[in-house]
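Asker: Next comes the structure file my_file-v6.txt, holding compact mmCIF, C-alpha atoms.
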```txt
# COMPACT_ATOMS: atom_id res chain seq x y z
CA MET A 127 26.72 0.98 4.67
CA ASN A 128 28.60 1.71 1.46
CA CYS A 129 27.38 2.85 -1.96
CA LYS A 130 27.12 -0.75 -3.16
CA ASP A 131 24.78 -1.63 -0.29
CA ILE A 132 22.74 1.45 -1.09
CA ALA A 133 22.35 0.44 -4.73
CA GLN A 134 21.16 -2.97 -3.62
CA LEU A 135 18.77 -1.80 -0.93
CA GLN A 136 17.39 1.34 -2.57
CA HIS A 137 14.22 -0.34 -3.83
CA ALA A 138 13.43 -1.78 -0.41
CA TYR A 139 14.15 1.65 1.05
CA VAL A 140 11.81 3.60 -1.23
CA ASP A 141 9.17 0.95 -0.59
CA GLN A 142 9.67 1.34 3.15
CA GLU A 143 10.44 -2.34 3.48
CA LEU A 144 13.76 -2.04 5.34
CA ASP A 145 13.96 -2.80 9.03
CA PRO A 146 14.57 0.15 11.40
CA ALA A 147 18.31 -0.49 11.84
CA ASN A 148 18.97 -0.62 8.09
CA THR A 149 16.62 2.30 7.45
CA ARG A 150 18.64 4.38 9.88
CA ALA A 151 21.97 3.28 8.41
CA PHE A 152 20.62 3.94 4.92
CA ALA A 153 19.42 7.44 5.84
CA GLU A 154 22.76 8.22 7.46
CA HIS A 155 24.63 7.21 4.31
CA LEU A 156 22.28 9.30 2.16
CA ALA A 157 22.86 12.38 4.30
CA ALA A 158 26.62 12.00 3.77
CA CYS A 159 26.69 10.89 0.11
CA PRO A 160 25.32 13.31 -2.51
CA SER A 161 25.65 10.81 -5.35
CA CYS A 162 23.54 8.14 -3.61
CA ALA A 163 21.09 10.81 -2.47
CA LYS A 164 20.69 11.94 -6.08
CA GLN A 165 20.13 8.38 -7.27
CA LEU A 166 17.54 7.81 -4.59
CA ALA A 167 15.74 11.06 -5.36
CA GLU A 168 15.60 9.94 -9.00
CA LEU A 169 14.12 6.59 -8.04
CA SER A 170 11.53 8.18 -5.74
CA ALA A 171 10.58 10.69 -8.42
CA PHE A 172 10.27 7.91 -10.98
CA ARG A 173 7.97 5.93 -8.73
CA LYS A 174 5.70 8.98 -8.60
CA THR A 175 5.87 9.20 -12.39
CA ILE A 176 4.78 5.58 -12.74
CA LYS A 177 1.96 6.14 -10.31
CA THR A 178 0.65 9.27 -12.00
CA GLN A 179 1.12 8.02 -15.58
CA ALA A 180 -0.04 4.42 -15.34
CA THR A 181 -3.75 3.79 -15.81
CA ARG A 182 -5.81 2.23 -13.05
CA TYR A 183 -8.48 0.57 -15.15
CA ALA A 184 -11.97 1.13 -13.83
CA PRO A 185 -14.53 -1.67 -13.91
CA PRO A 186 -17.46 -1.24 -16.32
CA PRO A 187 -20.64 0.13 -14.67
CA GLY A 188 -22.62 -3.13 -14.58
CA LEU A 189 -19.93 -5.35 -13.09
CA TYR A 190 -20.59 -4.63 -9.43
CA ASP A 191 -24.26 -5.56 -9.81
CA LYS A 192 -23.38 -8.73 -11.69
CA ILE A 193 -21.12 -9.83 -8.86
CA ALA A 194 -23.68 -8.89 -6.23
CA ARG A 195 -26.23 -11.07 -8.07
CA LEU A 196 -23.68 -13.85 -8.39
CA LYS A 197 -23.18 -13.73 -4.67
CA ALA A 198 -26.88 -13.54 -3.89
CA ALA A 199 -27.32 -16.80 -5.80
CA TYR A 200 -24.59 -18.37 -3.69
CA GLY A 201 -25.32 -16.41 -0.54
CA THR A 202 -26.99 -19.11 1.51
CA THR A 203 -24.29 -21.68 0.87
CA ILE A 204 -21.31 -19.64 2.04
CA ALA A 205 -19.44 -21.67 4.61
CA PRO A 206 -18.87 -20.24 8.09
CA PRO A 207 -15.72 -18.18 8.64
CA SER A 208 -12.64 -19.76 10.13
CA LYS A 209 -12.62 -20.40 13.86
CA LYS A 210 -9.76 -17.95 14.22
CA TRP A 211 -12.21 -15.09 14.34
CA LEU A 212 -14.25 -16.58 17.16
CA PRO A 213 -12.73 -15.98 20.55
CA LEU A 214 -15.61 -17.63 22.46
CA GLN A 215 -17.07 -21.10 22.27
CA TRP A 216 -20.17 -21.51 20.16
CA GLY A 217 -23.03 -23.47 21.52
CA SER A 218 -23.21 -21.81 24.94
CA ALA A 219 -26.28 -19.86 25.99
CA GLY A 220 -27.97 -17.46 23.58
CA ALA A 221 -26.37 -14.45 25.15
CA GLY A 222 -22.93 -15.97 24.75
CA LEU A 223 -23.66 -16.75 21.14
CA ALA A 224 -24.77 -13.20 20.44
CA LEU A 225 -21.70 -11.87 22.18
CA ALA A 226 -19.44 -14.16 20.16
CA ALA A 227 -21.12 -13.04 16.96
CA CYS A 228 -20.63 -9.41 17.90
CA LEU A 229 -17.00 -10.01 18.77
CA ALA A 230 -16.37 -11.91 15.56
CA PHE A 231 -17.89 -9.08 13.56
CA PHE A 232 -15.99 -6.51 15.54
CA MET A 233 -12.71 -8.26 14.91
CA VAL A 234 -13.38 -8.53 11.21
CA VAL A 235 -14.18 -4.88 10.59
CA ARG A 236 -11.47 -3.77 12.95
CA PRO A 237 -8.45 -5.86 11.97
CA ASN A 238 -5.83 -6.79 14.47
CA SER A 239 -3.20 -4.87 12.52
CA GLU A 240 -4.98 -1.63 13.22
CA TYR A 241 -5.06 -2.29 16.95
CA MET A 242 -1.36 -3.14 16.78
CA LEU A 243 -0.71 0.08 14.93
CA GLU A 244 -2.46 2.13 17.60
CA GLN A 245 -0.41 0.33 20.23
CA GLN A 246 2.77 1.21 18.35
CA LEU A 247 1.77 4.85 18.01
CA ILE A 248 1.05 5.08 21.72
CA ALA A 249 4.35 3.33 22.52
CA SER A 250 6.16 5.83 20.32
CA HIS A 251 4.32 8.68 22.01
CA ILE A 252 5.33 7.41 25.46
CA ARG A 253 8.92 6.86 24.35
CA SER A 254 9.06 10.41 23.04
CA LEU A 255 8.08 11.68 26.49
CA GLN A 256 10.53 9.56 28.45
CA ASP A 257 13.80 9.32 26.60
CA ASN A 258 14.39 12.94 25.82
CA HIS A 259 13.75 11.81 22.26
CA LEU A 260 10.87 14.10 21.60
CA THR A 261 12.50 15.89 18.70
CA ASP A 262 15.40 15.43 16.30
CA VAL A 263 15.09 19.01 15.12
CA ILE A 264 13.99 21.52 17.73
CA SER A 265 12.47 24.61 16.25
CA THR A 266 9.37 26.69 16.64
CA ASP A 267 9.88 27.86 13.06
CA GLN A 268 7.84 25.96 10.49
CA HIS A 269 10.34 27.00 7.80
CA THR A 270 13.04 25.09 9.66
CA VAL A 271 11.03 21.97 10.48
CA LYS A 272 9.48 21.36 7.04
CA PRO A 273 12.76 21.37 5.03
CA TRP A 274 14.32 19.15 7.68
CA PHE A 275 12.06 16.28 6.58
CA ASN A 276 13.06 16.66 2.93
CA GLY A 277 15.69 14.14 1.95
CA ARG A 278 15.03 12.10 5.08
CA LEU A 279 11.67 10.82 3.96
CA ASP A 280 9.67 10.57 0.78
CA VAL A 281 6.86 12.55 2.35
CA SER A 282 6.82 16.26 2.92
CA PRO A 283 4.15 16.88 5.53
CA PRO A 284 2.64 20.34 5.92
CA VAL A 285 4.09 22.11 8.96
CA THR A 286 2.37 25.13 10.45
CA ASP A 287 2.88 26.80 13.81
CA PHE A 288 -0.36 27.27 15.75
CA SER A 289 1.02 29.28 18.70
CA ALA A 290 -1.72 31.85 18.27
CA SER A 291 -4.34 29.17 18.88
CA GLY A 292 -2.54 27.61 21.83
CA PHE A 293 -0.75 24.78 20.01
CA PRO A 294 2.87 25.92 19.54
CA LEU A 295 5.15 23.96 17.22
CA VAL A 296 7.99 22.25 19.12
CA GLY A 297 9.88 20.46 16.35
CA GLY A 298 10.02 17.27 14.32
CA ARG A 299 11.58 13.82 14.38
CA LEU A 300 11.81 10.59 12.43
CA ASP A 301 10.20 7.56 13.97
CA TYR A 302 9.58 3.95 13.02
CA VAL A 303 6.10 2.57 12.94
CA ASP A 304 5.26 -0.86 11.61
CA ARG A 305 8.82 -1.21 10.26
CA HIS A 306 8.53 2.00 8.27
CA SER A 307 10.05 5.41 8.86
CA VAL A 308 7.43 8.08 9.41
CA ALA A 309 7.48 11.83 9.96
CA VAL A 310 6.46 13.11 13.38
CA ILE A 311 5.59 16.76 13.94
CA VAL A 312 5.56 17.71 17.60
CA TYR A 313 3.24 20.30 19.12
CA ARG A 314 2.35 21.30 22.66
CA TYR A 315 -0.87 22.28 24.33
CA ASN A 316 -0.02 23.76 27.73
CA ALA A 317 2.03 21.01 29.39
CA HIS A 318 0.75 18.29 27.04
CA VAL A 319 2.75 16.91 24.14
CA ILE A 320 0.97 16.24 20.87
CA ASN A 321 2.65 13.88 18.40
CA LEU A 322 1.40 14.08 14.82
CA PHE A 323 2.50 11.07 12.74
CA VAL A 324 2.44 11.38 8.95
CA TRP A 325 3.03 8.83 6.20
CA PRO A 326 1.77 8.03 2.69
CA ALA A 327 -1.90 7.15 2.60
CA GLY A 328 -1.65 3.85 0.78
CA ARG A 329 1.08 2.19 2.73
CA LEU A 330 -0.68 0.62 5.65
CA HIS A 331 -4.11 -0.77 5.16
CA ILE A 332 -6.25 0.87 7.75
CA GLY A 333 -9.93 0.30 7.34
CA ILE A 334 -11.80 2.71 9.57
CA GLU A 335 -11.38 5.93 11.44
CA SER A 336 -10.36 5.45 15.02
CA LEU A 337 -11.06 7.70 17.94
CA ALA A 338 -10.38 5.04 20.53
CA ALA A 339 -9.15 6.17 23.89
CA GLN A 340 -6.36 3.80 24.83
CA GLN A 341 -4.42 3.74 28.06
CA GLY A 342 -5.56 7.29 28.76
CA TYR A 343 -4.36 8.59 25.40
CA ASN A 344 -6.49 9.91 22.62
CA ILE A 345 -5.94 9.14 18.97
CA ARG A 346 -7.37 10.80 15.90
CA HIS A 347 -6.82 9.66 12.36
CA TRP A 348 -7.54 11.22 9.00
CA TYR A 349 -6.49 11.21 5.36
CA ASP A 350 -5.62 14.24 3.30
CA GLY A 351 -4.53 13.89 -0.32
CA ASP A 352 -1.72 11.36 -0.54
CA LEU A 353 -0.99 11.39 3.17
CA GLN A 354 -2.47 9.92 6.29
CA PHE A 355 -2.28 11.50 9.70
CA TRP A 356 -2.41 10.03 13.19
CA VAL A 357 -2.32 12.31 16.18
CA VAL A 358 -1.65 10.97 19.69
CA SER A 359 -1.84 12.95 22.91
CA ASP A 360 -3.15 12.99 26.45
CA VAL A 361 -5.07 16.22 25.87
CA ASN A 362 -8.81 15.78 26.11
CA PRO A 363 -10.72 14.55 23.05
CA ALA A 364 -12.41 17.91 22.41
CA LYS A 365 -9.06 19.75 22.35
CA LEU A 366 -7.57 17.10 20.11
CA ALA A 367 -10.50 17.49 17.73
CA GLU A 368 -9.87 21.24 17.79
CA PHE A 369 -6.24 20.60 16.90
CA GLU A 370 -7.27 18.37 14.02
CA ASN A 371 -9.64 20.99 12.63
CA LEU A 372 -6.99 23.65 12.99
CA TYR A 373 -4.35 21.57 11.23
CA ARG A 374 -6.62 20.46 8.43
CA GLY A 375 -8.00 23.98 7.96
CA GLN A 376 -4.59 25.67 7.87
CA ASN A 377 -3.12 23.28 5.39
CA LYS A 378 -5.92 23.39 2.85
CA MET B 138 -28.35 -15.66 11.59
CA GLY B 139 -25.10 -17.44 10.85
CA ALA B 140 -25.58 -17.24 7.09
CA ASP B 141 -26.52 -13.58 7.38
CA ARG B 142 -23.33 -12.84 9.19
CA ASP B 143 -21.21 -14.78 6.68
CA ARG B 144 -22.86 -13.00 3.81
CA HIS B 145 -22.25 -9.71 5.50
CA GLN B 146 -18.61 -10.61 6.16
CA PHE B 147 -18.05 -11.43 2.53
CA ASP B 148 -19.61 -8.10 1.51
CA VAL B 149 -17.52 -6.15 4.00
CA LEU B 150 -14.26 -7.93 3.23
CA MET B 151 -14.31 -8.76 -0.47
CA LEU B 152 -16.67 -6.47 -2.38
CA PRO B 153 -14.73 -3.23 -1.67
CA HIS B 154 -11.77 -4.64 -3.59
CA MET B 155 -13.55 -5.07 -6.89
CA ALA B 156 -11.81 -2.04 -8.44
CA ALA B 157 -8.39 -3.48 -7.51
CA ALA B 158 -9.47 -6.89 -8.83
CA TYR B 159 -10.63 -5.44 -12.13
CA ASN B 160 -7.52 -3.28 -12.58
CA LEU B 161 -5.21 -6.27 -12.07
CA ALA B 162 -7.30 -8.46 -14.40
CA GLN B 163 -7.23 -5.90 -17.20
CA TRP B 164 -3.48 -5.36 -16.85
CA LEU B 165 -2.85 -9.12 -16.97
CA THR B 166 -5.32 -10.10 -19.69
CA GLY B 167 -4.96 -6.93 -21.73
CA SER B 168 -8.65 -6.73 -22.58
CA PRO B 169 -11.67 -5.16 -20.85
CA ASP B 170 -13.97 -8.03 -21.87
CA ASP B 171 -11.59 -10.70 -20.60
CA ALA B 172 -11.04 -8.69 -17.42
CA SER B 173 -14.79 -8.58 -16.68
CA ASP B 174 -15.07 -12.34 -17.19
CA VAL B 175 -11.99 -13.00 -15.06
CA VAL B 176 -13.28 -10.82 -12.23
CA GLN B 177 -16.64 -12.61 -12.21
CA GLU B 178 -14.98 -15.99 -12.25
CA SER B 179 -12.63 -14.88 -9.48
CA TYR B 180 -15.48 -13.72 -7.26
CA LEU B 181 -17.25 -16.99 -7.86
CA ARG B 182 -14.14 -18.81 -6.63
CA ALA B 183 -13.79 -16.39 -3.72
CA ILE B 184 -17.36 -17.15 -2.67
CA LYS B 185 -16.78 -20.89 -2.95
CA PHE B 186 -13.52 -20.83 -1.04
CA PHE B 187 -14.40 -18.14 1.48
CA ASP B 188 -14.19 -20.70 4.29
CA SER B 189 -10.48 -21.08 3.55
CA TYR B 190 -9.93 -17.37 4.16
CA ARG B 191 -7.99 -17.21 7.44
CA GLY B 192 -8.20 -13.51 8.14
CA GLY B 193 -5.42 -11.09 7.26
CA ALA B 194 -5.32 -8.88 4.21
CA ALA B 195 -8.56 -9.49 2.33
CA ARG B 196 -7.34 -7.62 -0.73
CA ALA B 197 -4.22 -9.78 -1.08
CA TRP B 198 -6.34 -12.91 -0.68
CA LEU B 199 -8.75 -11.81 -3.40
CA LEU B 200 -5.97 -10.59 -5.71
CA THR B 201 -4.28 -13.99 -5.42
CA ILE B 202 -7.40 -15.55 -6.90
CA VAL B 203 -7.68 -12.85 -9.58
CA ARG B 204 -4.04 -13.27 -10.53
CA ASN B 205 -4.27 -17.06 -10.84
CA THR B 206 -7.54 -16.85 -12.76
CA SER B 207 -6.00 -14.30 -15.13
CA LEU B 208 -2.94 -16.46 -15.77
CA ASN B 209 -5.12 -19.53 -16.41
CA TRP B 210 -7.12 -17.43 -18.81
CA LEU B 211 -3.94 -16.32 -20.60
CA THR B 212 -2.62 -19.89 -20.77
CA GLN B 213 -5.85 -21.09 -22.37
CA LYS B 214 -5.79 -18.23 -24.82
CA ARG B 215 -2.14 -18.69 -25.73
CA ASN B 216 -2.60 -22.44 -26.11
CA GLN B 217 -5.15 -21.70 -28.79
CA LYS B 218 -2.54 -19.59 -30.55
CA THR B 219 0.26 -22.05 -29.59
CA GLU B 220 2.31 -19.28 -28.01
CA PRO B 221 4.09 -20.02 -24.75
CA LEU B 222 3.69 -17.79 -21.70
CA PRO B 223 6.72 -15.63 -21.03
CA GLU B 224 9.05 -17.45 -18.68
CA PRO B 225 10.43 -15.65 -15.67
CA GLY B 226 13.86 -17.26 -16.10
CA ASN B 227 16.37 -16.86 -13.33
CA ASP B 228 15.81 -13.22 -12.49
CA GLU B 229 18.41 -13.20 -9.73
CA ASP B 230 21.10 -13.38 -12.41
CA GLY B 231 21.79 -11.01 -15.27
CA ALA B 232 20.35 -7.93 -13.63
CA GLY B 233 21.28 -5.70 -16.57
CA GLN B 234 19.59 -7.89 -19.15
CA GLU B 235 16.89 -6.42 -21.36
CA ILE B 236 13.52 -7.49 -20.00
CA ILE B 237 11.29 -5.39 -22.18
CA ASP B 238 11.34 -7.67 -25.17
CA ALA B 239 11.17 -5.59 -28.33
CA LYS B 240 11.37 -8.56 -30.69
CA ALA B 241 8.50 -10.48 -29.21
CA ASP B 242 6.22 -7.49 -29.33
CA PRO B 243 5.89 -5.69 -32.67
CA GLU B 244 3.96 -2.93 -30.99
CA PHE B 245 6.88 -2.21 -28.76
CA ASP B 246 9.15 -2.03 -31.77
CA LEU B 247 6.86 0.65 -33.10
CA ILE B 248 7.05 2.49 -29.80
CA GLN B 249 10.80 2.60 -30.00
CA LYS B 250 10.64 4.04 -33.48
CA GLN B 251 8.26 6.72 -32.33
CA ALA B 252 10.51 7.23 -29.32
CA ALA B 253 7.58 8.50 -27.29
CA ALA B 254 6.09 5.57 -25.40
CA THR B 255 3.48 6.19 -22.76
CA MET B 256 3.91 4.65 -19.32
CA ASP B 257 1.02 2.26 -20.06
CA GLN B 258 2.73 1.02 -23.24
CA LEU B 259 5.98 0.42 -21.39
CA ILE B 260 4.30 -1.54 -18.60
CA GLU B 261 2.30 -3.56 -21.13
CA ALA B 262 5.55 -4.47 -22.89
CA LEU B 263 6.91 -6.10 -19.72
CA PRO B 264 6.66 -9.89 -19.42
CA VAL B 265 3.75 -10.75 -17.16
CA VAL B 266 5.94 -11.77 -14.18
CA TYR B 267 7.39 -8.26 -14.07
CA ARG B 268 4.19 -6.49 -15.03
CA GLU B 269 2.25 -8.01 -12.14
CA VAL B 270 4.71 -6.83 -9.47
CA ILE B 271 4.68 -3.30 -10.91
CA ILE B 272 0.87 -3.19 -10.89
CA LEU B 273 0.60 -4.67 -7.39
CA ARG B 274 3.24 -2.36 -5.93
CA GLU B 275 2.92 0.94 -7.83
CA ILE B 276 -0.81 1.04 -8.52
CA GLU B 277 -2.34 -1.13 -5.79
CA GLU B 278 0.38 -0.33 -3.21
CA LEU B 279 0.64 -3.81 -1.72
CA SER B 280 3.55 -4.55 0.62
CA TYR B 281 6.29 -6.97 -0.44
CA LYS B 282 4.81 -9.56 1.89
CA GLU B 283 1.38 -9.24 0.29
CA ILE B 284 2.84 -9.34 -3.22
CA ALA B 285 4.81 -12.46 -2.24
CA GLU B 286 1.52 -14.02 -1.13
CA VAL B 287 -0.29 -13.05 -4.34
CA ILE B 288 2.36 -14.34 -6.76
CA GLY B 289 3.41 -17.29 -4.57
CA MET B 290 7.10 -16.34 -4.50
CA PRO B 291 9.56 -15.42 -1.73
CA ILE B 292 9.91 -11.76 -0.73
CA GLY B 293 13.45 -11.70 -2.16
CA THR B 294 12.07 -12.56 -5.59
CA VAL B 295 9.46 -9.81 -5.28
CA MET B 296 12.23 -7.33 -4.53
CA SER B 297 14.51 -8.41 -7.38
CA ARG B 298 11.69 -8.49 -9.94
CA LEU B 299 10.49 -5.08 -8.85
CA ALA B 300 14.03 -3.68 -9.08
CA ARG B 301 14.54 -5.07 -12.57
CA ALA B 302 11.13 -4.00 -13.80
CA ARG B 303 11.63 -0.43 -12.58
CA LYS B 304 15.09 -0.30 -14.07
CA ALA B 305 13.78 -1.50 -17.44
CA ILE B 306 10.89 0.96 -17.50
CA LEU B 307 13.14 3.81 -16.38
CA GLN B 308 15.64 3.12 -19.18
CA HIS B 309 12.97 3.13 -21.86
CA TRP B 310 11.18 6.05 -20.29
CA ASN B 311 14.32 8.18 -20.37
CA ARG B 312 15.07 7.04 -23.90
CA SER B 313 11.66 8.14 -25.09
CA ALA B 314 11.72 11.37 -23.06
CA GLU B 315 13.22 13.16 -26.02
CA GLY B 316 10.41 12.03 -28.26
CA ARG B 317 7.84 13.31 -25.76
CA ALA B 318 9.67 16.64 -25.54
CA ILE B 319 9.43 17.10 -29.32
CA LYS B 320 5.76 16.18 -29.44
```
Rewrite the structure of this file - the entire thing - as structure tokens.

Answerer:
Amino acid sequence: MNCKDIAQLQHAYVDQELDPANTRAFAEHLAACPSCAKQLAELSAFRKTIKTQATRYAPPPGLYDKIARLKAAYGTTIAPPSKKWLPLQWGSAGAGLALAACLAFFMVVRPNSEYMLEQQLIASHIRSLQDNHLTDVISTDQHTVKPWFNGRLDVSPPVTDFSASGFPLVGGRLDYVDRHSVAVIVYRYNAHVINLFVWPAGRLHIGIESLAAQQGYNIRHWYDGDLQFWVVSDVNPAKLAEFENLYRGQNK
Amino acid sequence: MGADRDRHQFDVLMLPHMAAAYNLAQWLTGSPDDASDVVQESYLRAIKFFDSYRGGAARAWLLTIVRNTSLNWLTQKRNQKTEPLPEPGNDEDGAGQEIIDAKADPEFDLIQKQAAATMDQLIEALPVVYREVIILREIEELSYKEIAEVIGMPIGTVMSRLARARKAILQHWNRSAEGRAIK
């Protein structure tokens, strides 16, 4: 990638809309080219300025009730949802119908994209264990890991070493989740690896908290300020909850 | 039971996005009263056409309706005043061209004289086709794909409009930075 490519792709890059290959090439160019890096930093900073300075107009107090009433008047005539949501045939026995209704509801409140995201996080976790790709920067020093993320990503996740509590910091790496680059902070608990994924809160639209145990892995998810956090590990759920509390407590 | 579930689905999927709907409507219509009317009309349409919702991002689906309702509203209003809607033109060409139109907007002229425009004033001064992508991306944080869905344009157009809009705002923002510093 040359400087001209960078100028053309910088908006897609700050919006995390580049594919992994281009994101990587872009990041490599930035690391080697101070002038492009400066331009990109300016664009990222300006996006934050827009976001903090532009008004998000709030609806007047009565509007929600008006719409709720509007809907109540129409409520009984709402057509059934598309068949896409219904994995089972309607019209079977009562039990089947109830099950289908439950499934349809379940799929609506828990969108497919979220399930896919969890799958991707687990895949990334497994990859990190297998390929010797656990860390890009190996350090038990939080003051080394945190600055390493700066300039590589537009997020600066809090990094704290929790050796004293049994969760030593191992390092950090960049990873790609849902076509976006994300920060990963790596910890250990005994022989277990804990991957903590961090990216801006608003970027992916995740509806609900997930504590689902998938393929023997545990996942926890939370928001803090402008960031969202996903932690994946094979440590037991109680320990993972302990880690979450520790991390959230330390970084307050 | 079926109707109960549908009603519940609509509540779960569409009602949480009322703040986003209102914000977009006020940015596009420029008036709180118009925005309230547009949001109500949009929800009415959303209720009527809920059976055409095929899953996916509920917010983008709702905002598509809000956006189209807002633009219809603007067209009706402008027709009364016999003013045409701003045309997008061919935004793939002439990337350096001035898109904040000072002549068409006396208020913006004033801003330049004061040399201390607020971010809101700069975004308001953008033609609607640029303003909507800024609001959808920077305030509502939709992805390019979702924005493409809402405005009914290819992703490439979303990207080029966003790039030009940011560039235009940035230029004027820097120009008026001095004025803000003096203030």

Asker: Quick check, in Å to one decimal: how far apart do atom CA of Pro283 of chain A and atom CA of Phe355 of chain A lie?

Answerer: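 Atom-to-atom, atom CA of Pro283 of chain A and atom CA of Phe355 of chain A are spaced 9.4 Å apart.
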
Asker: Please identify all residues of chain B having at least one atom at most 8 Å from any atom of chain A, considering all atoms listed in the file, and return them as a PyMOL selection string.

Answerer: chain B and resi 139-140+142-144+146+149-150+155-156+159-160+163-164+173+177+180-181+184-185+187-193+255-257+275-276+278-281+296+299-300+307

Asker: Just to confirm, what's the straight-line distance from atom CA of Arg268 of chain B to atom CA of Ile284 of chain B in Å (one decimal)?

Answerer: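 Between atom CA of Arg268 of chain B and atom CA of Ile284 of chain B the gap is 12.2 Å.
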
Asker: Mind pulling up the distance from atom CA of Ser297 of chain B to atom CA of Val140 of chain A?

Answerer: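 Distance reported for this atom pair: 13.8 Å.
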
Asker: Please tell me which residues are no farther than 9 Å from (-1.5, -7.9, -6.5) in the file, counting all atoms listed in the file, and write them as a list in words.

Answerer: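 Applying the cut-off with all atoms listed in the file, one gets Ala157, Ala158, Leu161, Arg196, Ala197, Leu199, Leu200, Thr201, Val203, Arg204, Glu269, Val270, Ile271, Ile272, Leu273, Arg274, Glu277, Glu278, Leu279, Glu283, Ile284, Ala285, Glu286, Val287 and Ile288 of chain B.
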